[in-house]
Each structure stands twice: as structure tokens, then as C-alpha cells.
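Trainee: My questions will all concern the structure given below.
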Amino acid sequence: MLKVSVETEVIDLKTGISAKTGKPYNIREQEAWMYGYGRDGQPQKHPQKIKLTLDDEQEKGYPVGQYILDPASIYVDRFGQVAIRARLRVPAAAVPAQPKAA
């Protein structure tokens, strides 16, 4: 599992007009740090800064905290190639247990 650390809730907004469609666009990004792996498959010693592109329906960014990369981040794109769009989730160990019904 790839670990990701969000250290700020600041969201950067990129706006413009699409050259292809002529329509305006907004891209919201949030900075995070990913604890990745090298080409040799070994964990890297230091995290790397990444940008998370937020979905349109995400009103807010991710709260400060520790996450893992959700498996839903990996999909097949329109060209039949493997693609990744980072979506984060809280690790199961960090989610408080729900009380069991009697």
C-alpha cells in the first residue's frame, strides 16, 4: 500500500479556457507527500511531494492526516491503458471500530 501524508488543506485552483472545446475549466489540486518505492521495489528513504487532483464533486480537499492510496485510483483509460488518478482513504487501522449492536 502506498502511504500518503496530507499536511495542509490549502487548495490550488487552476482556471482557463480549453483550446480544444473553447469552454472554461477549473482544476483543483492539493499538495501531499507520498512514501513511494524505487525501481528496485524498495521503499524510498524520503517522501516525495505530489499534487492530488480533486474530483469536481469533492467540495473540500482532504483533511490533514495519514492516508493510503485507494484501489479505486487505478483504472483502464479510454485508450485501454492502465491509468492512475489518486484517491485517498484512511487506513483501516485508523478508523475507529463501530459499536456492535446487541
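Following the order of the C-alpha cells, chains are lettered A, B, ..., residues in each are numbered from 1, and ligands are numbered from 1.
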Set the distance at 12 Å and use only C-alpha atoms: which residues neighbour Tyr37 in chain A once local chain neighbours fewer than 6 positions away are removed? I'd like the list as a PyMOL selection string.

Mentor: chain A and resi 1-3+43-48

Trainee: For range 81-84 of chain A, please output as a PyMOL selection string all residues within 12 Å (counting only C-alpha atoms; exclusion window: fewer than 2 positions along the same chain).

Mentor: chain A and resi 52-53+69-79+86-88

Trainee: Okay, now the selection with N, CA and C atoms, as a short mmCIF file (atom, residue, chain, number, x, y, z; two decimals), in the first residue's frame?

Mentor:
data_model
loop_
_atom_site.label_atom_id
_atom_site.label_comp_id
_atom_site.auth_asym_id
_atom_site.auth_seq_id
_atom_site.Cartn_x
_atom_site.Cartn_y
_atom_site.Cartn_z
N LEU A 52 -2.48 16.22 -5.69
CA LEU A 52 -3.71 15.45 -5.82
C LEU A 52 -4.72 16.28 -6.58
N THR A 53 -5.23 15.79 -7.68
CA THR A 53 -6.28 16.47 -8.41
C THR A 53 -7.61 16.06 -7.77
N LEU A 69 -3.38 4.94 -0.62
CA LEU A 69 -3.96 5.07 -1.95
C LEU A 69 -5.09 4.06 -2.09
N ASP A 70 -6.27 4.52 -2.41
CA ASP A 70 -7.43 3.65 -2.58
C ASP A 70 -7.27 2.84 -3.87
N PRO A 71 -7.61 1.55 -3.86
CA PRO A 71 -7.52 0.75 -5.09
C PRO A 71 -8.34 1.33 -6.25
N ALA A 72 -9.37 2.12 -5.94
CA ALA A 72 -10.19 2.74 -6.99
C ALA A 72 -9.39 3.79 -7.78
N SER A 73 -8.17 4.09 -7.34
CA SER A 73 -7.31 5.05 -8.03
C SER A 73 -6.80 4.49 -9.36
N ILE A 74 -6.78 3.18 -9.49
CA ILE A 74 -6.20 2.54 -10.68
C ILE A 74 -7.34 2.05 -11.58
N TYR A 75 -7.28 2.46 -12.84
CA TYR A 75 -8.36 2.12 -13.77
C TYR A 75 -7.81 2.00 -15.20
N VAL A 76 -8.63 1.52 -16.09
CA VAL A 76 -8.27 1.44 -17.51
C VAL A 76 -8.84 2.68 -18.19
N ASP A 77 -7.97 3.43 -18.88
CA ASP A 77 -8.42 4.68 -19.51
C ASP A 77 -9.07 4.41 -20.87
N ARG A 78 -9.44 5.46 -21.56
CA ARG A 78 -10.16 5.32 -22.83
C ARG A 78 -9.31 4.71 -23.94
N PHE A 79 -7.97 4.64 -23.72
CA PHE A 79 -7.08 4.04 -24.71
C PHE A 79 -6.71 2.60 -24.35
N ALA A 86 -5.09 9.59 -8.25
CA ALA A 86 -5.02 9.34 -6.82
C ALA A 86 -6.32 9.68 -6.10
N ARG A 87 -6.83 8.70 -5.39
CA ARG A 87 -7.95 8.87 -4.47
C ARG A 87 -7.48 8.27 -3.16
N LEU A 88 -7.70 8.98 -2.08
CA LEU A 88 -7.16 8.55 -0.80
C LEU A 88 -8.25 8.01 0.10
#

Trainee: If DSSP is run on the backbone, what residues of chain A are helix (DSSP H, G or I)? A reply as a PyMOL selection string would be ideal.

Mentor: chain A and resi 71-73+92-94

Trainee: Those same residues - all heavy atoms - I'd like them written as an mmCIF file, in the first residue's frame.

Mentor:
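File produced: out.cif:
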data_model
loop_
_atom_site.group_PDB
_atom_site.id
_atom_site.type_symbol
_atom_site.label_atom_id
_atom_site.label_comp_id
_atom_site.auth_asym_id
_atom_site.auth_seq_id
_atom_site.Cartn_x
_atom_site.Cartn_y
_atom_site.Cartn_z
ATOM 1 N N PRO A 71 -7.614 1.550 -3.862
ATOM 2 C CA PRO A 71 -7.521 0.749 -5.090
ATOM 3 C C PRO A 71 -8.342 1.327 -6.248
ATOM 4 O O PRO A 71 -8.017 1.094 -7.413
ATOM 5 C CB PRO A 71 -8.055 -0.620 -4.673
ATOM 6 C CG PRO A 71 -7.809 -0.687 -3.204
ATOM 7 C CD PRO A 71 -7.983 0.725 -2.706
ATOM 8 N N ALA A 72 -9.374 2.119 -5.939
ATOM 9 C CA ALA A 72 -10.185 2.743 -6.995
ATOM 10 C C ALA A 72 -9.388 3.788 -7.776
ATOM 11 O O ALA A 72 -9.863 4.303 -8.784
ATOM 12 C CB ALA A 72 -11.433 3.384 -6.386
ATOM 13 N N SER A 73 -8.171 4.085 -7.339
ATOM 14 C CA SER A 73 -7.311 5.047 -8.031
ATOM 15 C C SER A 73 -6.800 4.493 -9.361
ATOM 16 O O SER A 73 -6.412 5.251 -10.235
ATOM 17 C CB SER A 73 -6.095 5.388 -7.162
ATOM 18 O OG SER A 73 -6.473 5.942 -5.937
ATOM 19 N N ALA A 92 -7.511 1.299 7.375
ATOM 20 C CA ALA A 92 -8.497 0.605 8.215
ATOM 21 C C ALA A 92 -8.111 0.636 9.683
ATOM 22 O O ALA A 92 -8.965 0.772 10.553
ATOM 23 C CB ALA A 92 -8.665 -0.835 7.742
ATOM 24 N N ALA A 93 -6.825 0.538 10.000
ATOM 25 C CA ALA A 93 -6.382 0.531 11.400
ATOM 26 C C ALA A 93 -6.662 1.880 12.078
ATOM 27 O O ALA A 93 -6.779 1.941 13.296
ATOM 28 C CB ALA A 93 -4.898 0.223 11.472
ATOM 29 N N ALA A 94 -6.788 2.957 11.283
ATOM 30 C CA ALA A 94 -7.009 4.281 11.864
ATOM 31 C C ALA A 94 -8.484 4.623 12.023
ATOM 32 O O ALA A 94 -8.839 5.606 12.659
ATOM 33 C CB ALA A 94 -6.333 5.353 10.999
#

Trainee: Would you mind reading off the distance between CA of Lys60 in chain A and CA of Leu13 in chain A, one decimal, in Å?

Mentor: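 If I compute the distance from CA of Lys60 in chain A to CA of Leu13 in chain A, I get 12.3 Å.
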
Trainee: Can you measure CA of Asp55 in chain A to CA of Arg28 in chain A for me? One decimal in Å is fine.

Mentor: 7.9 Å

Trainee: Provide the CA of Glu9 in chain A to CA of Ala32 in chain A distance in Å, to one decimal place.

Mentor: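 According to the coordinates, CA of Glu9 in chain A and CA of Ala32 in chain A are separated by 9.5 Å.
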
Trainee: Neighbours of range 4-7 of chain A within 6 Å (only C-alpha atoms; same-chain residues fewer than 4 positions away dropped), as an MDAnalysis selection string?

Mentor: chainID A and resid 32:34 64:68
